[in-house]
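Next up, protein34.json (JSON, C-alpha atoms and all ligand atoms):
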[["chain", "number", "residue", "atom", "x", "y", "z"],
["J", 1, "MET", "CA", 36.21, 51.31, -53.08],
["J", 2, "PRO", "CA", 32.70, 50.51, -51.75],
["J", 3, "LEU", "CA", 30.12, 52.78, -53.41],
["J", 4, "SER", "CA", 27.49, 54.69, -51.45],
["J", 5, "GLU", "CA", 23.80, 54.03, -52.07],
["J", 6, "ASN", "CA", 23.57, 57.22, -54.17],
["J", 7, "GLU", "CA", 26.61, 56.28, -56.23],
["J", 8, "ILE", "CA", 25.19, 52.81, -56.87],
["J", 9, "SER", "CA", 21.89, 54.26, -58.10],
["J", 10, "ASP", "CA", 23.80, 56.78, -60.26],
["J", 11, "LEU", "CA", 25.75, 53.89, -61.73],
["J", 12, "PHE", "CA", 22.56, 51.94, -62.48],
["J", 13, "ILE", "CA", 21.13, 54.98, -64.30],
["J", 14, "LEU", "CA", 24.29, 55.41, -66.36],
["J", 15, "LEU", "CA", 24.40, 51.71, -67.33],
["J", 16, "ASN", "CA", 20.73, 51.76, -68.23],
["J", 17, "ASP", "CA", 20.64, 55.08, -70.11],
["J", 18, "HIS", "CA", 23.78, 54.56, -72.15],
["J", 19, "TYR", "CA", 23.83, 50.85, -72.72],
["J", 20, "GLY", "CA", 20.37, 49.47, -71.81],
["J", 21, "TYR", "CA", 21.78, 47.27, -69.03],
["J", 22, "ASP", "CA", 19.52, 47.19, -66.00],
["J", 23, "PHE", "CA", 21.45, 45.92, -62.97],
["J", 24, "SER", "CA", 19.11, 47.52, -60.43],
["J", 25, "GLY", "CA", 17.58, 44.18, -59.40],
["J", 26, "TYR", "CA", 20.90, 42.38, -58.90],
["J", 27, "ALA", "CA", 21.85, 41.41, -55.34],
["J", 28, "ILE", "CA", 23.72, 44.44, -53.97],
["J", 29, "ALA", "CA", 26.29, 42.74, -51.71],
["J", 30, "SER", "CA", 27.76, 40.67, -54.50],
["J", 31, "LEU", "CA", 27.70, 43.65, -56.93],
["J", 32, "GLN", "CA", 29.62, 45.74, -54.36],
["J", 33, "ARG", "CA", 32.23, 42.99, -54.03],
["J", 34, "ARG", "CA", 32.73, 42.81, -57.78],
["J", 35, "ILE", "CA", 32.84, 46.61, -58.26],
["J", 36, "LYS", "CA", 35.47, 46.79, -55.52],
["J", 37, "ARG", "CA", 37.56, 44.11, -57.20],
["J", 38, "PHE", "CA", 37.23, 45.77, -60.60],
["J", 39, "THR", "CA", 38.11, 49.28, -59.40],
["J", 40, "SER", "CA", 41.17, 48.11, -57.48],
["J", 41, "MET", "CA", 42.39, 45.95, -60.41],
["J", 42, "ASN", "CA", 42.02, 48.93, -62.76],
["J", 43, "LYS", "CA", 43.41, 51.43, -60.22],
["J", 44, "ILE", "CA", 40.30, 53.62, -60.34],
["J", 45, "ASN", "CA", 40.37, 56.40, -57.76],
["J", 46, "GLY", "CA", 36.82, 57.18, -56.77],
["J", 47, "PHE", "CA", 33.40, 57.09, -58.34],
["J", 48, "PRO", "CA", 33.75, 60.14, -60.67],
["J", 49, "GLU", "CA", 36.68, 58.47, -62.43],
["J", 50, "LEU", "CA", 34.77, 55.18, -62.76],
["J", 51, "LYS", "CA", 31.78, 57.01, -64.21],
["J", 52, "LYS", "CA", 33.90, 58.94, -66.71],
["J", 53, "ARG", "CA", 35.72, 55.85, -67.94],
["J", 54, "LEU", "CA", 32.43, 53.97, -68.36],
["J", 55, "ASP", "CA", 31.01, 56.92, -70.26],
["J", 56, "ASP", "CA", 34.01, 57.38, -72.57],
["J", 57, "ASP", "CA", 35.45, 53.95, -73.21],
["J", 58, "PRO", "CA", 33.35, 51.08, -74.66],
["J", 59, "VAL", "CA", 36.17, 48.55, -74.12],
["J", 60, "PHE", "CA", 36.41, 49.53, -70.46],
["J", 61, "PHE", "CA", 32.62, 49.31, -70.22],
["J", 62, "SER", "CA", 32.65, 45.82, -71.70],
["J", 63, "SER", "CA", 35.20, 44.58, -69.17],
["J", 64, "PHE", "CA", 33.12, 46.16, -66.38],
["J", 65, "VAL", "CA", 30.04, 44.19, -67.49],
["J", 66, "HIS", "CA", 32.23, 41.09, -67.65],
["J", 67, "GLU", "CA", 33.20, 41.64, -64.01],
["J", 68, "LEU", "CA", 29.62, 42.29, -62.86],
["J", 69, "THR", "CA", 28.29, 39.10, -64.43],
["J", 70, "VAL", "CA", 29.69, 35.94, -62.90],
["J", 71, "ASN", "CA", 30.58, 33.55, -65.73],
["J", 72, "VAL", "CA", 31.73, 30.45, -63.85],
["J", 73, "THR", "CA", 30.59, 27.29, -65.62],
["J", 74, "GLU", "CA", 31.74, 23.82, -66.66],
["J", 75, "MET", "CA", 30.71, 20.85, -68.78],
["J", 76, "PHE", "CA", 28.15, 18.58, -67.12],
["J", 77, "ARG", "CA", 28.11, 20.78, -64.01],
["J", 78, "ASP", "CA", 26.15, 18.81, -61.38],
["J", 79, "PRO", "CA", 26.23, 15.51, -63.30],
["J", 80, "THR", "CA", 23.12, 14.15, -61.53],
["J", 81, "PHE", "CA", 21.13, 17.00, -63.09],
["J", 82, "PHE", "CA", 22.03, 15.75, -66.56],
["J", 83, "GLN", "CA", 21.24, 12.18, -65.53],
["J", 84, "CYS", "CA", 17.83, 13.31, -64.34],
["J", 85, "LEU", "CA", 17.18, 15.25, -67.57],
["J", 86, "GLN", "CA", 17.77, 12.09, -69.59],
["J", 87, "GLN", "CA", 15.51, 10.01, -67.34],
["J", 88, "LYS", "CA", 12.66, 12.41, -66.70],
["J", 89, "VAL", "CA", 12.62, 15.01, -69.50],
["J", 90, "PHE", "CA", 14.06, 13.43, -72.65],
["J", 91, "PRO", "CA", 11.30, 10.76, -72.95],
["J", 92, "SER", "CA", 8.72, 13.53, -73.17],
["J", 93, "LEU", "CA", 10.87, 15.63, -75.53],
["J", 94, "SER", "CA", 11.16, 12.62, -77.82],
["J", 95, "THR", "CA", 7.39, 12.66, -78.43],
["J", 96, "TYR", "CA", 7.64, 15.97, -80.33],
["J", 97, "PRO", "CA", 8.59, 15.93, -84.03],
["J", 98, "PHE", "CA", 10.69, 19.06, -83.46],
["J", 99, "ARG", "CA", 11.98, 20.54, -80.20],
["J", 100, "LYS", "CA", 13.07, 23.98, -79.06],
["J", 101, "ILE", "CA", 15.36, 24.48, -76.05],
["J", 102, "TRP", "CA", 16.50, 27.77, -74.52],
["J", 103, "HIS", "CA", 19.66, 28.04, -72.40],
["J", 104, "ALA", "CA", 19.31, 31.43, -70.71],
["J", 105, "GLY", "CA", 22.58, 32.72, -69.19],
["J", 106, "CYS", "CA", 24.69, 30.24, -71.16],
["J", 107, "SER", "CA", 28.04, 31.84, -70.29],
["J", 108, "THR", "CA", 30.89, 30.35, -72.37],
["J", 109, "GLY", "CA", 28.78, 27.49, -73.73],
["J", 110, "GLU", "CA", 29.95, 24.41, -71.79],
["J", 111, "GLU", "CA", 26.43, 23.71, -70.47],
["J", 112, "VAL", "CA", 24.94, 24.04, -73.95],
["J", 113, "TYR", "CA", 27.42, 21.64, -75.57],
["J", 114, "SER", "CA", 26.80, 19.18, -72.71],
["J", 115, "MET", "CA", 23.11, 19.23, -73.58],
["J", 116, "ALA", "CA", 23.84, 18.83, -77.30],
["J", 117, "MET", "CA", 26.02, 15.74, -76.64],
["J", 118, "LEU", "CA", 23.30, 14.01, -74.63],
["J", 119, "LEU", "CA", 20.60, 14.90, -77.16],
["J", 120, "ASN", "CA", 22.87, 13.42, -79.80],
["J", 121, "GLU", "CA", 23.20, 10.19, -77.83],
["J", 122, "HIS", "CA", 19.41, 9.93, -77.54],
["J", 123, "ARG", "CA", 19.04, 10.62, -81.29],
["J", 124, "LEU", "CA", 17.17, 13.83, -80.50],
["J", 125, "TYR", "CA", 19.73, 16.38, -81.61],
["J", 126, "ASP", "CA", 19.00, 16.51, -85.33],
["J", 127, "ARG", "CA", 15.43, 17.65, -84.80],
["J", 128, "THR", "CA", 16.19, 20.11, -82.02],
["J", 129, "ARG", "CA", 17.02, 23.79, -82.18],
["J", 130, "ILE", "CA", 18.90, 25.21, -79.18],
["J", 131, "TYR", "CA", 18.85, 28.96, -78.47],
["J", 132, "ALA", "CA", 21.66, 29.93, -76.11],
["J", 133, "THR", "CA", 21.68, 33.48, -74.81],
["J", 134, "ASP", "CA", 23.61, 35.71, -72.45],
["J", 135, "ILE", "CA", 23.93, 39.38, -71.51],
["J", 136, "ASN", "CA", 27.71, 39.34, -71.97],
["J", 137, "SER", "CA", 28.92, 39.58, -75.59],
["J", 138, "ASP", "CA", 32.43, 38.26, -74.76],
["J", 139, "VAL", "CA", 31.09, 34.96, -73.46],
["J", 140, "ILE", "CA", 28.74, 34.62, -76.42],
["J", 141, "GLN", "CA", 31.73, 34.93, -78.73],
["J", 142, "LYS", "CA", 33.60, 32.26, -76.74],
["J", 143, "SER", "CA", 30.54, 29.99, -76.88],
["J", 144, "LYS", "CA", 30.41, 30.29, -80.65],
["J", 145, "GLU", "CA", 34.09, 29.41, -80.94],
["J", 146, "GLY", "CA", 33.71, 26.36, -78.66],
["J", 147, "ILE", "CA", 37.40, 26.17, -77.83],
["J", 148, "TYR", "CA", 38.28, 25.11, -74.29],
["J", 149, "PRO", "CA", 41.53, 24.38, -72.45],
["J", 150, "LEU", "CA", 42.45, 20.76, -73.05],
["J", 151, "ARG", "CA", 43.54, 20.41, -69.42],
["J", 152, "PHE", "CA", 39.88, 20.73, -68.29],
["J", 153, "MET", "CA", 38.77, 17.77, -70.37],
["J", 154, "GLN", "CA", 39.80, 15.12, -67.89],
["J", 155, "GLU", "CA", 37.52, 16.56, -65.22],
["J", 156, "TYR", "CA", 34.75, 17.13, -67.78],
["J", 157, "SER", "CA", 35.13, 13.54, -68.90],
["J", 158, "THR", "CA", 34.55, 12.33, -65.32],
["J", 159, "ASN", "CA", 31.45, 14.56, -65.15],
["J", 160, "TYR", "CA", 30.28, 13.18, -68.49],
["J", 161, "ILE", "CA", 30.50, 9.59, -67.27],
["J", 162, "LEU", "CA", 28.72, 10.47, -64.00],
["J", 163, "ALA", "CA", 26.02, 12.21, -66.06],
["J", 164, "GLY", "CA", 25.39, 8.93, -67.88],
["J", 165, "GLY", "CA", 27.17, 9.79, -71.14],
["J", 166, "ALA", "CA", 27.04, 6.76, -73.43],
["J", 167, "SER", "CA", 30.08, 7.43, -75.56],
["J", 168, "SER", "CA", 33.38, 9.15, -74.87],
["J", 169, "LEU", "CA", 33.74, 12.89, -74.38],
["J", 170, "SER", "CA", 36.70, 12.90, -76.77],
["J", 171, "ASP", "CA", 34.30, 11.94, -79.62],
["J", 172, "TYR", "CA", 32.96, 15.48, -79.48],
["J", 173, "TYR", "CA", 36.11, 17.53, -79.79],
["J", 174, "THR", "CA", 39.41, 17.66, -81.62],
["J", 175, "ALA", "CA", 42.54, 18.19, -79.54],
["J", 176, "ARG", "CA", 44.95, 20.71, -81.01],
["J", 177, "TYR", "CA", 48.00, 21.83, -79.01],
["J", 178, "ASP", "CA", 46.53, 22.74, -75.61],
["J", 179, "SER", "CA", 42.95, 23.28, -76.82],
["J", 180, "ALA", "CA", 39.85, 21.14, -77.23],
["J", 181, "ILE", "CA", 37.83, 22.31, -80.24],
["J", 182, "ILE", "CA", 34.16, 21.32, -80.26],
["J", 183, "ASN", "CA", 33.16, 19.46, -83.44],
["J", 184, "ASN", "CA", 31.09, 21.41, -85.95],
["J", 185, "HIS", "CA", 28.42, 18.72, -85.96],
["J", 186, "LEU", "CA", 27.57, 19.67, -82.38],
["J", 187, "LYS", "CA", 27.27, 23.35, -83.26],
["J", 188, "LYS", "CA", 24.97, 23.10, -86.24],
["J", 189, "ASN", "CA", 21.64, 23.36, -84.39],
["J", 190, "ILE", "CA", 22.70, 25.94, -81.82],
["J", 191, "ILE", "CA", 22.08, 29.67, -82.13],
["J", 192, "PHE", "CA", 24.11, 31.79, -79.71],
["J", 193, "SER", "CA", 22.90, 35.34, -79.25],
["J", 194, "PHE", "CA", 22.52, 38.31, -76.93],
["J", 195, "HIS", "CA", 19.44, 38.43, -74.69],
["J", 196, "ASN", "CA", 19.02, 40.38, -71.48],
["J", 197, "LEU", "CA", 16.68, 38.57, -69.09],
["J", 198, "VAL", "CA", 15.92, 41.83, -67.30],
["J", 199, "THR", "CA", 14.89, 43.99, -70.22],
["J", 200, "ASP", "CA", 14.20, 41.74, -73.23],
["J", 201, "VAL", "CA", 10.96, 39.94, -73.93],
["J", 202, "SER", "CA", 10.03, 36.39, -74.78],
["J", 203, "PHE", "CA", 11.15, 35.47, -78.30],
["J", 204, "ASN", "CA", 9.81, 31.97, -78.92],
["J", 205, "GLU", "CA", 7.89, 29.08, -77.40],
["J", 206, "PHE", "CA", 10.07, 26.36, -75.91],
["J", 207, "ASN", "CA", 9.76, 22.75, -74.80],
["J", 208, "LEU", "CA", 12.57, 23.18, -72.28],
["J", 209, "ILE", "CA", 14.19, 26.23, -70.70],
["J", 210, "VAL", "CA", 17.46, 25.79, -68.79],
["J", 211, "CYS", "CA", 18.50, 28.72, -66.62],
["J", 212, "ARG", "CA", 20.96, 27.55, -64.01],
["J", 213, "ASN", "CA", 23.02, 29.66, -61.63],
["J", 214, "VAL", "CA", 21.71, 32.97, -62.94],
["J", 215, "LEU", "CA", 18.74, 33.77, -60.65],
["J", 216, "ILE", "CA", 20.93, 33.51, -57.52],
["J", 217, "TYR", "CA", 22.46, 36.86, -58.51],
["J", 218, "PHE", "CA", 19.04, 38.57, -58.73],
["J", 219, "SER", "CA", 16.82, 40.12, -56.06],
["J", 220, "PRO", "CA", 13.57, 38.25, -55.24],
["J", 221, "ALA", "CA", 11.56, 40.81, -57.29],
["J", 222, "LEU", "CA", 13.76, 40.34, -60.33],
["J", 223, "GLN", "CA", 13.67, 36.54, -59.93],
["J", 224, "GLU", "CA", 9.88, 36.74, -60.02],
["J", 225, "LYS", "CA", 9.96, 38.84, -63.19],
["J", 226, "VAL", "CA", 12.28, 36.37, -64.91],
["J", 227, "ILE", "CA", 10.19, 33.35, -63.85],
["J", 228, "GLU", "CA", 7.19, 35.10, -65.40],
["J", 229, "LEU", "CA", 9.21, 35.54, -68.61],
["J", 230, "PHE", "CA", 9.99, 31.81, -68.59],
["J", 231, "TYR", "CA", 6.36, 30.91, -67.92],
["J", 232, "ASN", "CA", 5.34, 32.99, -70.96],
["J", 233, "SER", "CA", 8.08, 31.41, -73.07],
["J", 234, "LEU", "CA", 7.14, 27.78, -72.35],
["J", 235, "GLY", "CA", 4.64, 25.73, -74.28],
["J", 236, "MET", "CA", 2.10, 23.74, -72.27],
["J", 237, "LEU", "CA", 3.88, 20.80, -70.53],
["J", 238, "GLY", "CA", 7.20, 22.52, -71.20],
["J", 239, "TYR", "CA", 10.01, 22.10, -68.67],
["J", 240, "LEU", "CA", 11.97, 24.66, -66.66],
["J", 241, "ALA", "CA", 15.32, 23.71, -65.12],
["J", 242, "LEU", "CA", 16.95, 25.96, -62.50],
["J", 243, "GLY", "CA", 20.27, 25.76, -60.63],
["J", 244, "SER", "CA", 20.83, 23.69, -57.49],
["J", 245, "LYS", "CA", 20.59, 26.73, -55.18],
["J", 246, "GLU", "CA", 17.57, 28.21, -56.96],
["J", 247, "SER", "CA", 13.90, 27.57, -56.56],
["J", 248, "MET", "CA", 10.53, 28.82, -57.62],
["J", 249, "LEU", "CA", 8.79, 27.90, -54.38],
["J", 250, "ALA", "CA", 8.50, 31.58, -53.46],
["J", 251, "SER", "CA", 7.01, 32.49, -56.83],
["J", 252, "LYS", "CA", 3.35, 33.32, -57.22],
["J", 253, "LEU", "CA", 3.44, 31.14, -60.34],
["J", 254, "LYS", "CA", 4.49, 28.01, -58.45],
["J", 255, "ASN", "CA", 1.01, 26.45, -58.72],
["J", 256, "LYS", "CA", 1.22, 26.64, -62.49],
["J", 257, "PHE", "CA", 4.12, 24.19, -62.39],
["J", 258, "GLU", "CA", 4.47, 20.60, -61.25],
["J", 259, "VAL", "CA", 7.68, 19.54, -59.54],
["J", 260, "VAL", "CA", 9.38, 16.97, -61.76],
["J", 261, "ASP", "CA", 12.46, 16.60, -59.57],
["J", 262, "LYS", "CA", 12.82, 18.52, -56.34],
["J", 263, "LYS", "CA", 16.56, 18.01, -55.90],
["J", 264, "GLU", "CA", 17.49, 18.77, -59.50],
["J", 265, "LYS", "CA", 15.10, 21.76, -59.63],
["J", 266, "ILE", "CA", 13.16, 20.63, -62.68],
["J", 267, "PHE", "CA", 9.60, 21.88, -63.11],
["J", 268, "LYS", "CA", 6.85, 21.35, -65.70],
["J", 269, "LYS", "CA", 4.29, 23.93, -66.81],
["J", 270, "ILE", "CA", 0.85, 22.40, -66.23],
["J", 271, "VAL", "CA", -1.57, 25.33, -66.46],
["O", 301, "LIG", "C1", 27.28, 31.63, -63.33],
["O", 301, "LIG", "S1", 26.93, 31.76, -65.05],
["O", 301, "LIG", "C2", 25.94, 30.32, -65.30],
["O", 301, "LIG", "C3", 26.34, 29.56, -66.54],
["O", 301, "LIG", "C4", 25.61, 28.24, -66.75],
["O", 301, "LIG", "N1", 24.19, 28.44, -66.86],
["O", 301, "LIG", "C5", 25.93, 27.26, -65.65],
["O", 301, "LIG", "O1", 25.10, 27.04, -64.76],
["O", 301, "LIG", "O2", 27.03, 26.71, -65.64],
["O", 301, "LIG", "C6", 25.72, 33.10, -65.07],
["O", 301, "LIG", "C7", 25.53, 33.70, -66.44],
["O", 301, "LIG", "O3", 24.37, 34.54, -66.43],
["O", 301, "LIG", "C8", 24.60, 35.65, -67.24],
["O", 301, "LIG", "N2", 23.69, 36.75, -66.89],
["O", 301, "LIG", "C9", 23.74, 37.58, -65.82],
["O", 301, "LIG", "N3", 22.76, 38.50, -65.90],
["O", 301, "LIG", "C10", 22.06, 38.22, -67.03],
["O", 301, "LIG", "C11", 20.94, 38.82, -67.66],
["O", 301, "LIG", "N4", 20.34, 39.88, -67.14],
["O", 301, "LIG", "N5", 20.49, 38.30, -68.84],
["O", 301, "LIG", "C12", 21.11, 37.22, -69.39],
["O", 301, "LIG", "N6", 22.19, 36.61, -68.84],
["O", 301, "LIG", "C13", 22.65, 37.10, -67.68],
["O", 301, "LIG", "C14", 26.07, 35.98, -66.96],
["O", 301, "LIG", "O4", 26.65, 36.79, -67.98],
["O", 301, "LIG", "C15", 26.68, 34.59, -66.87],
["O", 301, "LIG", "O5", 27.22, 34.16, -68.09]]
Would you mind writing the file out in structure tokens?
Amino acid sequence: MPLSENEISDLFILLNDHYGYDFSGYAIASLQRRIKRFTSMNKINGFPELKKRLDDDPVFFSSFVHELTVNVTEMFRDPTFFQCLQQKVFPSLSTYPFRKIWHAGCSTGEEVYSMAMLLNEHRLYDRTRIYATDINSDVIQKSKEGIYPLRFMQEYSTNYILAGGASSLSDYYTARYDSAIINNHLKKNIIFSFHNLVTDVSFNEFNLIVCRNVLIYFSPALQEKVIELFYNSLGMLGYLALGSKESMLASKLKNKFEVVDKKEKIFKKIV
């Protein structure tokens, strides 16, 4: 059920007015694909029915938001990125007595726990606070629980070794039945919470912001707005890490950053 332009803008108004979710800057083609999938899975016949269900049923609304936001993630995704972080960013982070890191668009938490493990191995974790945020409350809940299918751990363990992990991935979780439960020690300095990159403001000053595989779903104008938010949320000489398919070369703020690693998309605020 592809929606017409008018229906799409109606939908954006409804989502914004009722729930404060602004999807108007998201890339339309991929939104259309996901709306189509969602409506056919839920056997929705036409836009009026979709609108009514979204209006009336908060559980239905929540699963709609889940569908619109792509939550694919893994531990040590792009291992060379994590290797680069340790080589080019951690030495500078270690010069601060206390560090603040923001994972924006953290999904179900795998990326955040990967960071915590490496900080732990560099003896940086205890004096670091990690803020991990997302627009989707279901994934925030899963992040807090930190329980992942045990069958994924073999692949994650390979990623961990490629990322330069110095210990063993199994040191960080307890296996129970078919689940891997992240150890509490790794959770203690992480705050998971709701934050909408489109509508919410800066809430702290960070030494490192990690926002990977989120901007690809936004229009160029929305990407610019979010990069501005990151610029305003970074301390001087703070780092910004984006996803492998993302860049800030088109941003008007690009001259305020130095490229730390072009391939791994790591930038440093210099002005
Ligand atoms: C593909 S996942 C990326 C997860 C992780 N950063 C990684 O690279 O593996 C994208 C995440 O961005 C979140 N997201 C989408 N729009 C957002 C917004 N406006 N504000 C905050 N998070 C958003 C989604 O809910 C989803 O969890």
Item checked: Straight-line distance linking atom CA of Phe47 of chain J with atom CA of Val139 of chain J, stated in Å to one decimal -> 26.9 Å
Note to self: I'd like the neighbourhood of segment 78-83 of chain J as a PyMOL selection string, where a residue qualifies if any of its atoms comes within 6 Å (using all atoms listed in the file), though same-chain residues fewer than 2 positions away should be ignored.
What the structure shows: chain J and resi 76+85-86+159+162-164+264
Margin query: Around ligand LIG 301 (chain O), which protein and nucleic acid residues have at least one atom no more than 7 Å from it, if we count only C-alpha atoms and all ligand atoms? List them as a ChimeraX atom specification.
Written below: /J:69-74,77,104-108,111,133-136,139,195-198,211-214,243
Notebook entry, point to check: Can you tell me how far atom CA of Pro91 of chain J sits from atom CA of Val210 of chain J, in Å to one decimal?
Noted result: 16.8 Å
Checklist line | Distance criterion (only C-alpha atoms): nearest to Lys269 of chain J out of J:Asn207, J:Ser219, J:Gln32, J:Thr95 | finding: J:Asn207
What's the 10 Å shell around Gln154 of chain J, counting all atoms listed in the file, without same-chain residues fewer than 4 positions away, as a compact mmCIF listing (two decimals) with C-alpha atoms, in the coordinates of the input?
# COMPACT_ATOMS: atom_id res chain seq x y z
CA LEU J 150 42.45 20.76 -73.05
CA THR J 158 34.55 12.33 -65.32
CA ASN J 159 31.45 14.56 -65.15
CA TYR J 160 30.28 13.18 -68.49
CA LEU J 169 33.74 12.89 -74.38
CA SER J 170 36.70 12.90 -76.77
Notebook entry, point to check: Taking all atoms listed in the file into account, which of J:Thr39, J:Thr174, J:Asn204, J:Ser30 comes nearest Phe230 of chain J?
Noted result: J:Asn204
Check: Just how far from atom CA of Leu242 of chain J is atom CA of Leu215 of chain J, in Å to one decimal?
Finding: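 Pair atom CA of Leu215 of chain J / atom CA of Leu242 of chain J returns 8.2 Å.
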Quick one: residues within 12 Å of Asn232 of chain J, all atoms listed in the file, excluding same-chain residues fewer than 2 positions away - as a compact mmCIF listing (two decimals) with C-alpha atoms, in the coordinates of the input?
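Produced file part_21.txt, reproduced below:
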# COMPACT_ATOMS: atom_id res chain seq x y z
CA VAL J 201 10.96 39.94 -73.93
CA SER J 202 10.03 36.39 -74.78
CA PHE J 203 11.15 35.47 -78.30
CA ASN J 204 9.81 31.97 -78.92
CA GLU J 205 7.89 29.08 -77.40
CA PHE J 206 10.07 26.36 -75.91
CA ASN J 207 9.76 22.75 -74.80
CA ILE J 209 14.19 26.23 -70.70
CA LYS J 225 9.96 38.84 -63.19
CA VAL J 226 12.28 36.37 -64.91
CA ILE J 227 10.19 33.35 -63.85
CA GLU J 228 7.19 35.10 -65.40
CA LEU J 229 9.21 35.54 -68.61
CA PHE J 230 9.99 31.81 -68.59
CA LEU J 234 7.14 27.78 -72.35
CA GLY J 235 4.64 25.73 -74.28
CA MET J 236 2.10 23.74 -72.27
CA GLY J 238 7.20 22.52 -71.20
CA LEU J 240 11.97 24.66 -66.66
CA LEU J 253 3.44 31.14 -60.34
CA LYS J 256 1.22 26.64 -62.49
CA LYS J 269 4.29 23.93 -66.81
CA VAL J 271 -1.57 25.33 -66.46
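Nearest-residue note for Tyr173 of chain J: choosing from J:Leu3, J:Leu186, J:Ala241, J:Ile161, the minimum distance belongs to J:Leu186, counting all atoms listed in the file.
Of the residues under consideration (J:His122, J:Arg129, J:His18, J:Lys263), J:Arg129 shows the shortest atom-to-atom contact distance to Lys100 of chain J when counting all atoms listed in the file.
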Next item on the list: Name the closest residue to Val89 of chain J among the candidates J:Tyr131, J:Leu208, J:Glu224, J:Met75; distances are taken between atoms, counting all atoms listed in the file.
Entry: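 Checking each candidate against Val89 of chain J, we get J:Leu208 as the closest.
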